[in-house]
Each structure stands twice: as C-alpha cells, then as structure tokens.
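Student: Below is the file data15.txt, which contains compact mmCIF, C-alpha atoms.
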# COMPACT_ATOMS: atom_id res chain seq x y z
CA MET C 571 23.70 -3.06 14.73
CA PHE C 572 21.95 -5.07 12.02
CA GLN C 573 22.50 -8.81 12.31
CA GLU C 574 24.41 -10.35 9.42
CA GLU C 575 22.15 -13.41 9.47
CA ARG C 576 18.91 -11.99 8.08
CA THR C 577 15.72 -13.85 8.92
CA THR C 578 14.55 -13.32 5.34
CA GLU C 579 17.62 -15.23 4.11
CA SER C 580 17.55 -18.03 6.68
CA ASP C 581 17.15 -21.61 5.52
CA SER C 582 13.66 -22.93 4.83
CA ASN C 583 12.02 -25.18 7.41
CA TYR C 584 11.29 -27.62 4.57
CA HIS C 585 13.72 -29.81 2.65
CA ASP C 586 13.73 -31.86 -0.55
CA LEU C 587 10.98 -29.72 -2.06
CA GLU C 588 11.52 -31.26 -5.48
CA HIS C 589 10.45 -34.64 -4.09
CA MET C 590 7.12 -33.46 -2.70
CA ASP C 591 3.90 -34.20 -4.56
CA THR C 592 1.71 -31.30 -5.63
CA LEU C 593 -0.75 -31.42 -2.74
CA THR C 594 2.05 -31.61 -0.17
CA LEU C 595 3.75 -28.59 -1.76
CA LEU C 596 0.52 -26.61 -1.69
CA ASN C 597 -0.36 -27.56 1.89
CA ASN C 598 3.10 -26.62 3.12
CA ILE C 599 3.04 -23.27 1.34
CA ASN C 600 -0.41 -22.61 2.78
CA THR C 601 0.77 -23.51 6.27
CA GLU C 602 3.51 -20.90 5.99
CA ASP C 603 1.11 -18.32 4.56
CA LYS C 604 -1.24 -18.72 7.53
CA SER C 605 1.48 -17.41 9.84
CA VAL C 606 1.75 -14.05 8.05
CA PRO C 607 -1.31 -12.27 9.56
CA VAL C 608 -0.14 -13.37 13.01
CA SER C 609 3.23 -11.72 12.36
CA VAL C 610 1.49 -8.56 11.16
CA SER C 611 -0.66 -8.43 14.29
CA ARG C 612 2.47 -8.24 16.45
CA SER C 613 3.40 -4.94 14.79
CA MET C 614 0.02 -3.23 15.03
CA ARG C 615 1.28 -0.36 17.19
CA GLN C 616 3.99 0.44 14.61
CA ILE C 617 1.39 0.37 11.84
CA GLN C 618 -0.86 2.70 13.83
CA ILE C 619 1.94 5.25 14.19
CA LEU C 620 2.66 5.04 10.46
CA VAL C 621 -1.01 5.49 9.52
CA ASP C 622 -1.47 8.50 11.81
CA SER C 623 1.72 10.12 10.50
CA VAL C 624 0.73 9.65 6.85
CA TYR C 625 -2.78 10.92 7.57
CA GLU C 626 -1.37 14.07 9.15
CA LYS C 627 0.59 14.84 5.98
CA LEU C 628 -2.20 14.02 3.52
CA SER C 629 -4.81 15.94 5.48
CA ASP C 630 -2.56 18.98 5.16
CA GLY C 631 -2.26 18.68 1.37
CA GLY C 632 0.81 16.45 1.24
CA ARG C 633 1.44 13.30 -0.76
CA LEU C 634 2.47 9.73 0.01
CA PHE C 635 5.39 8.22 -1.89
CA TYR C 636 6.49 4.58 -1.93
CA ILE C 637 10.05 3.64 -2.89
CA GLY C 638 11.16 0.05 -3.41
CA SER C 639 12.79 -2.42 -5.75
CA GLY C 640 11.70 -5.74 -7.19
CA THR C 641 8.63 -7.25 -5.55
CA SER C 642 8.56 -4.53 -2.89
CA GLY C 643 8.58 -1.78 -5.49
CA ARG C 644 5.83 -3.44 -7.49
CA LEU C 645 3.65 -3.82 -4.40
CA GLY C 646 3.96 -0.10 -3.74
CA ILE C 647 2.98 0.69 -7.30
CA VAL C 648 -0.03 -1.63 -7.10
CA ASP C 649 -1.25 0.02 -3.90
CA ALA C 650 -0.73 3.52 -5.28
CA SER C 651 -2.49 2.73 -8.57
CA GLU C 652 -5.57 1.39 -6.78
CA CYS C 653 -6.19 4.49 -4.65
CA PRO C 654 -7.70 6.70 -7.40
CA PRO C 655 -10.35 4.24 -8.63
CA THR C 656 -11.18 3.03 -5.11
CA PHE C 657 -11.25 6.32 -3.23
CA GLY C 658 -11.62 8.91 -5.99
CA VAL C 659 -8.37 10.70 -5.16
CA SER C 660 -6.06 12.24 -7.73
CA HIS C 661 -3.32 10.08 -9.24
CA ASP C 662 -0.70 12.38 -7.73
CA ILE C 663 -1.72 11.79 -4.08
CA VAL C 664 -0.19 8.32 -3.66
CA ILE C 665 2.80 7.66 -5.92
CA GLY C 666 4.80 4.44 -6.26
CA LEU C 667 8.41 4.53 -7.45
CA ILE C 668 10.50 1.48 -8.32
CA ALA C 669 14.24 1.11 -8.81
CA GLY C 670 14.90 0.92 -12.53
CA GLY C 671 11.81 2.94 -13.47
CA ASP C 672 8.64 1.77 -15.14
CA ASP C 673 10.43 -0.91 -17.17
CA ALA C 674 11.18 -2.70 -13.90
CA ILE C 675 7.46 -3.16 -13.21
CA ARG C 676 7.26 -5.95 -15.79
CA LYS C 677 10.88 -7.06 -16.14
CA ALA C 678 13.30 -7.73 -13.31
CA SER C 679 15.91 -5.01 -12.95
CA GLU C 680 17.58 -6.22 -9.80
CA GLY C 681 20.89 -4.43 -10.34
CA SER C 682 19.20 -1.04 -10.27
CA GLU C 683 18.44 -1.46 -6.58
CA ASP C 684 22.12 -1.00 -5.73
CA ASP C 685 22.19 2.72 -6.63
CA MET C 686 22.07 4.70 -3.37
CA ASP C 687 21.39 7.99 -5.17
CA ALA C 688 18.65 6.86 -7.56
CA ALA C 689 15.64 7.16 -5.24
CA TRP C 690 16.34 10.79 -4.41
CA LYS C 691 16.73 11.56 -8.11
CA ASP C 692 13.35 9.91 -8.71
CA LEU C 693 11.70 11.78 -5.84
CA LYS C 694 13.07 15.15 -6.96
CA LYS C 695 11.21 14.77 -10.26
CA TYR C 696 8.03 15.27 -8.23
CA GLN C 697 9.27 18.38 -6.41
CA ILE C 698 9.07 16.51 -3.13
CA SER C 699 9.05 18.65 0.00
CA GLY C 700 8.56 18.53 3.75
CA LYS C 701 4.79 18.44 3.19
CA ASP C 702 5.12 14.90 1.81
CA PHE C 703 5.73 11.48 3.38
CA VAL C 704 7.94 8.68 1.98
CA VAL C 705 7.60 4.98 2.82
CA GLY C 706 10.48 2.68 1.92
CA ILE C 707 9.49 -0.93 1.20
CA SER C 708 12.20 -3.57 1.50
CA ALA C 709 11.94 -7.16 2.69
CA SER C 710 15.60 -7.32 3.75
CA GLY C 711 15.71 -3.82 5.17
CA THR C 712 19.02 -3.27 3.41
CA THR C 713 18.11 -2.34 -0.21
CA PRO C 714 20.50 0.50 -1.21
CA TYR C 715 17.88 2.25 -3.40
CA VAL C 716 15.53 2.49 -0.40
CA LEU C 717 18.21 3.14 2.20
CA GLY C 718 19.73 5.98 0.19
CA GLY C 719 16.30 7.46 -0.43
CA LEU C 720 15.41 7.53 3.27
CA LYS C 721 18.80 9.00 4.17
CA ASP C 722 18.31 11.79 1.64
CA CYS C 723 14.78 12.42 2.88
CA ARG C 724 16.05 12.79 6.44
CA HIS C 725 18.71 15.22 5.24
CA HIS C 726 16.02 17.33 3.55
CA GLY C 727 13.58 17.25 6.47
CA ILE C 728 11.06 14.87 4.88
CA LYS C 729 9.30 12.45 7.22
CA THR C 730 9.60 8.75 6.41
CA GLY C 731 8.39 5.27 7.25
CA CYS C 732 9.31 1.79 6.13
CA ILE C 733 7.92 -1.72 5.81
CA VAL C 734 10.65 -4.33 6.33
CA CYS C 735 10.78 -7.99 7.33
CA ASN C 736 13.92 -8.10 9.50
CA ASN C 737 14.47 -6.59 12.91
CA ASN C 738 17.00 -3.80 13.49
CA SER C 739 17.72 -3.21 9.81
CA PRO C 740 19.58 -0.17 8.42
CA ILE C 741 16.44 1.04 6.63
CA ALA C 742 14.38 0.90 9.84
CA GLY C 743 17.15 2.90 11.50
CA PHE C 744 16.62 5.76 9.04
CA ALA C 745 12.79 5.70 9.15
CA ASP C 746 10.81 7.95 11.47
CA CYS C 747 7.98 5.40 11.54
CA PRO C 748 9.40 1.90 10.99
CA VAL C 749 7.16 -1.12 10.58
CA GLU C 750 8.98 -4.43 11.06
CA ILE C 751 7.09 -7.62 10.16
CA VAL C 752 9.28 -10.64 10.85
CA VAL C 753 7.68 -13.57 9.05
CA GLY C 754 10.57 -16.02 9.40
CA PRO C 755 12.13 -18.26 6.74
CA GLU C 756 10.47 -18.51 3.35
CA PHE C 757 9.21 -21.83 1.99
CA VAL C 758 11.80 -21.49 -0.78
CA THR C 759 14.85 -20.08 0.97
CA GLY C 760 15.19 -16.36 0.36
CA SER C 761 12.13 -16.06 -1.92
CA THR C 762 10.76 -12.92 -0.28
CA ARG C 763 8.02 -12.55 -2.89
CA MET C 764 6.22 -15.14 -0.76
CA LYS C 765 5.59 -14.51 2.96
CA ALA C 766 7.49 -11.21 3.12
CA GLY C 767 5.64 -9.92 0.07
CA THR C 768 2.31 -11.01 1.52
CA ALA C 769 3.09 -9.22 4.78
CA GLN C 770 4.01 -6.04 2.94
CA LYS C 771 0.79 -6.21 0.91
CA LEU C 772 -1.28 -6.59 4.08
CA VAL C 773 0.37 -3.56 5.67
CA LEU C 774 -0.09 -1.49 2.50
CA ASN C 775 -3.78 -2.46 2.43
CA MET C 776 -4.13 -1.29 6.02
CA LEU C 777 -2.16 1.90 5.48
CA THR C 778 -4.03 3.44 2.56
CA THR C 779 -7.44 2.06 3.52
CA ALA C 780 -7.20 3.48 7.04
CA VAL C 781 -5.80 6.81 5.83
CA MET C 782 -8.51 7.20 3.17
CA ILE C 783 -11.25 6.38 5.69
CA LYS C 784 -9.82 8.99 8.06
CA LEU C 785 -9.78 11.47 5.15
CA GLY C 786 -13.52 10.91 4.68
CA ARG C 787 -13.27 8.88 1.48
CA VAL C 788 -15.59 6.13 2.79
CA LYS C 789 -19.19 6.57 4.00
CA ASP C 790 -20.40 3.87 6.38
CA ASN C 791 -18.58 0.97 4.69
CA LYS C 792 -19.03 2.07 1.08
CA MET C 793 -16.61 3.43 -1.53
CA VAL C 794 -18.74 6.47 -2.29
CA ASP C 795 -15.94 8.25 -4.18
CA MET C 796 -14.99 5.34 -6.44
CA MET C 797 -14.54 6.12 -10.12
CA LEU C 798 -17.12 4.61 -12.49
CA THR C 799 -14.53 3.13 -14.81
CA ASN C 800 -16.37 -0.06 -15.78
CA LYS C 801 -19.78 -1.74 -15.76
CA LYS C 802 -19.08 -3.58 -12.50
CA LEU C 803 -18.45 -0.32 -10.63
CA VAL C 804 -21.53 1.33 -12.15
CA GLU C 805 -23.57 -1.63 -10.93
CA ARG C 806 -21.99 -1.42 -7.48
CA GLY C 807 -22.77 2.29 -7.22
CA THR C 808 -26.32 1.71 -8.41
CA ARG C 809 -26.88 -0.92 -5.73
CA MET C 810 -25.50 1.42 -3.08
CA LEU C 811 -28.08 4.05 -3.98
CA MET C 812 -30.89 1.53 -4.24
CA ASN C 813 -30.14 0.25 -0.75
CA LEU C 814 -29.66 3.71 0.73
CA TYR C 815 -32.78 5.38 -0.68
CA LYS C 816 -34.96 2.40 -1.65
CA TRP C 817 -34.91 3.62 -5.25
CA GLU C 818 -35.79 1.56 -8.30
CA TYR C 819 -32.84 0.29 -10.31
CA ASP C 820 -33.32 2.52 -13.36
CA TYR C 821 -33.66 5.70 -11.34
CA ALA C 822 -30.62 4.90 -9.19
CA LYS C 823 -28.46 4.16 -12.24
CA GLU C 824 -29.67 7.26 -14.09
CA SER C 825 -28.87 9.45 -11.08
CA LEU C 826 -25.44 7.88 -10.67
CA LEU C 827 -24.47 8.42 -14.30
CA LYS C 828 -25.81 11.97 -14.23
CA PHE C 829 -23.77 13.10 -11.23
CA GLY C 830 -20.67 10.94 -11.72
CA ASN C 831 -20.27 9.16 -8.40
CA VAL C 832 -22.20 7.97 -5.37
CA ARG C 833 -21.13 10.83 -3.11
CA ALA C 834 -22.35 13.45 -5.57
CA VAL C 835 -25.77 11.80 -5.71
CA ILE C 836 -25.93 11.59 -1.90
CA ASP C 837 -24.93 15.24 -1.52
CA LYS C 838 -27.53 16.35 -4.06
CA THR C 839 -30.27 14.21 -2.55
CA GLU C 840 -29.57 15.32 1.02
CA ALA C 841 -29.46 18.96 -0.07
CA GLU C 842 -32.87 18.57 -1.70
CA LYS C 843 -34.27 17.08 1.51
CA GLU C 844 -33.16 20.13 3.46
CA LYS C 845 -35.01 22.59 1.23
CA PRO C 846 -38.26 24.06 2.60
CA GLY C 847 -41.27 21.95 1.75
CA HIS C 848 -39.37 18.64 1.79
What does this structure look like when you write it as structure tokens?

Tutor:
Amino acid sequence: MFQEERTTESDSNYHDLEHMDTLTLLNNINTEDKSVPVSVSRSMRQIQILVDSVYEKLSDGGRLFYIGSGTSGRLGIVDASECPPTFGVSHDIVIGLIAGGDDAIRKASEGSEDDMDAAWKDLKKYQISGKDFVVGISASGTTPYVLGGLKDCRHHGIKTGCIVCNNNSPIAGFADCPVEIVVGPEFVTGSTRMKAGTAQKLVLNMLTTAVMIKLGRVKDNKMVDMMLTNKKLVERGTRMLMNLYKWEYDYAKESLLKFGNVRAVIDKTEAEKEKPGH
C-alpha cells in the first residue's frame, strides 16, 4: 500500500528561506543537489533491468514512449528530442508525450494530468502495440495521466517501466520495470522540479545512452551517427575523422560533408582498405 505521506511532499530540511542571503541559498541548494547521484546509485539494478528491457524491444524494431505531466513530461520530451541528432535514429523511435499536449511543453497545464484516460488516447495515435515499450515518468508516483496509461498498457499487453521518486507508489505497482529514486525532501517543500527532476534526468540520460550504445549507435566513445545539423557538429565530426585517420582538416571535412555522417565515411574508408591492392 502506498504511504499517504509522500517523501516528495515532506517538509524541507531548511527553514526561513526568505531570510537567507544569496550565497547561503545557493550553497544549500547545491548541498541538496549533491545527494541526487548517490540516490540514483542505490537504484542501479532497477535501471539495468529497465535498460535491458527497452533494448530488447528496440532491437526488435519497437519504439520507446515516455508519458508524463509537468516537469516529468517535459524531461521525457527533452530526452526523446535529443536522440535523433545525437544517435542518428529516426524521430519516431523515442517519443515523448505530455499531459495536455504540445501546448503544455511551454505553459503549465497541471489540470490535464488528472485525466486517467488521456495517456492511452495519446498512445493510440501512434498505433502502439506489444512491440513497443512505455516508460511513465512521475515524481510522486501517483499522477493519474501516467497511472492510467500504464494500466491501459498492461491491459493491452504492452511492457512498461517507470521513473518515480517515492517508494511503493501506485505507478510503480503497475510498471513491469519500476525505477524508484528516493531523493528526500526538496529544498523548497514539494518543488519536485528540483532534486526529483534532476534524478529523473540522470536516469533518462543513462537509459537512452546505454540503449543506443547497445544498439551500435556509438563507436569507441564517439557519436558516429550524429546528424550534421550545425557548424559545431560538422567540426566535431571533422575532428573525429582527423584523429582516426590522421587526415588533414580540409580532406576530413570534405569527406564528412560528401557522405553525410562519420559512420558513412568510416564504412567507405574501411571498405576501400579491404579492396585488393590496398
């Protein structure tokens, strides 16, 4: 049974915040922030199970969906939106959905999180199936939008996970692969955009980075499939090729722009090396 007294809602360890000077405020916030990675490390086995389960689905042609509201929903959307440029995957491989729709990305739409049926309606627009995987993101572990979505996924045979910041929450109870990161009271009581949000971001970083590495989207430690969407990324790709093959700058850049990404240049170059006479 989920405890009524949620850790995410418990009273801050600090009082009279309005009387603190700026440096004291910042040092106290930083002190709390330092505890987040420690909390994440305690749940590493749960994160491993989630990563392996998501990898299994994506390696078989499935997709990863995030569902959340407020800060949690926005974090899912941020993580999903960064996968294509970083790893060169299609935009429909990792998909972030937020209660209230795209308008809620910029403007708070907190009431929309109370609709238990909304997440399934959103997921159905993508013809979701048992090939896919859904991760519910909720600091409290009680958000109706997320809870209803995971319940509906279970009913339809779709595997799920969650990232929550309370133990024994209803959402974790409906997730096949729950991840529970208990970070304790927030500096400002109940402001889960702070430590809880940071913990969720860390887990999301680990989830998609590890899955994409396992899918072969990283070579050595380089983003060889990254999209060349700006000058900075063209320069990064050029440097990768210069370091790998000891090429001059102009030749490396010309090759990169010709073939479109670092992996394509590597594949072409290695194929040429294997031809007779090389």

Student: Which residue gives the smallest distance to Val705 of chain C among C:Asn831, C:Asn600, C:Thr594, C:Thr730, with only C-alpha atoms counted?

Tutor: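 Of C:Asn831, C:Asn600, C:Thr594, C:Thr730, the one nearest Val705 of chain C is C:Thr730, counting only C-alpha atoms.
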
Student: Nearest to Lys677 of chain C among C:Arg633, C:Lys784, C:Arg809, C:Arg644, with distances taken over all atoms listed in the file: which residue is it?

Tutor: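 Closest candidate: C:Arg644.
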
Student: Can you measure atom CA of Ser682 of chain C to atom CA of Met776 of chain C for me? One decimal in Å is fine.

Tutor: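 About the pair atom CA of Ser682 of chain C and atom CA of Met776 of chain C: they are 28.5 Å apart.
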
Student: Could you state the separation of atom CA of Thr656 of chain C and atom CA of Val704 of chain C in Å, given to one decimal place?

Tutor: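 Going from atom CA of Thr656 of chain C over to atom CA of Val704 of chain C, I get 21.2 Å.
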
Student: Which is closer to Leu785 of chain C than all the others in C:Asp746, C:Asp687, C:Glu626, C:Asp673, using only C-alpha atoms?

Tutor: C:Glu626

Student: Give me, please, the distance in Å between atom CA of Phe829 of chain C and atom CA of Val804 of chain C, quoted to one decimal.

Tutor: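 According to the coordinates, atom CA of Phe829 of chain C and atom CA of Val804 of chain C are separated by 12.0 Å.
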
Student: For a quick check of your reading of the model, name the residues lying within 9 Å of the coordinate (8.7, -17.4, 2.1), counting only C-alpha atoms, and write them as a list of chain:residue names.

Tutor: C:Thr578, C:Ser582, C:Ile599, C:Glu602, C:Asp603, C:Val753, C:Gly754, C:Pro755, C:Glu756, C:Phe757, C:Val758, C:Thr759, C:Gly760, C:Ser761, C:Thr762, C:Arg763, C:Met764, C:Lys765, C:Ala766, C:Gly767

Student: Taking every listed atom of segment 613-631 of chain C and adding 5 Å to each side, what centre and edge lengths in Å (one decimal) does the axis-aligned box have, as lines of an AutoDock Vina configuration file?

Tutor:
center_x = -0.4
center_y = 7.0
center_z = 9.3
size_x = 18.8
size_y = 33.9
size_z = 25.8

Student: Might you pull out every residue within 8 Å of Thr778 of chain C, with only C-alpha atoms counted and same-chain residues fewer than 2 positions away left off, and present them as a VMD selection string?

Tutor: chain C and resid 621 649 653 774 to 776 780 to 782

Student: Counting all atoms listed in the file, which of C:Val788, C:Ala678, C:Leu803, C:Leu645 gets nearest to Val659 of chain C?

Tutor: C:Val788
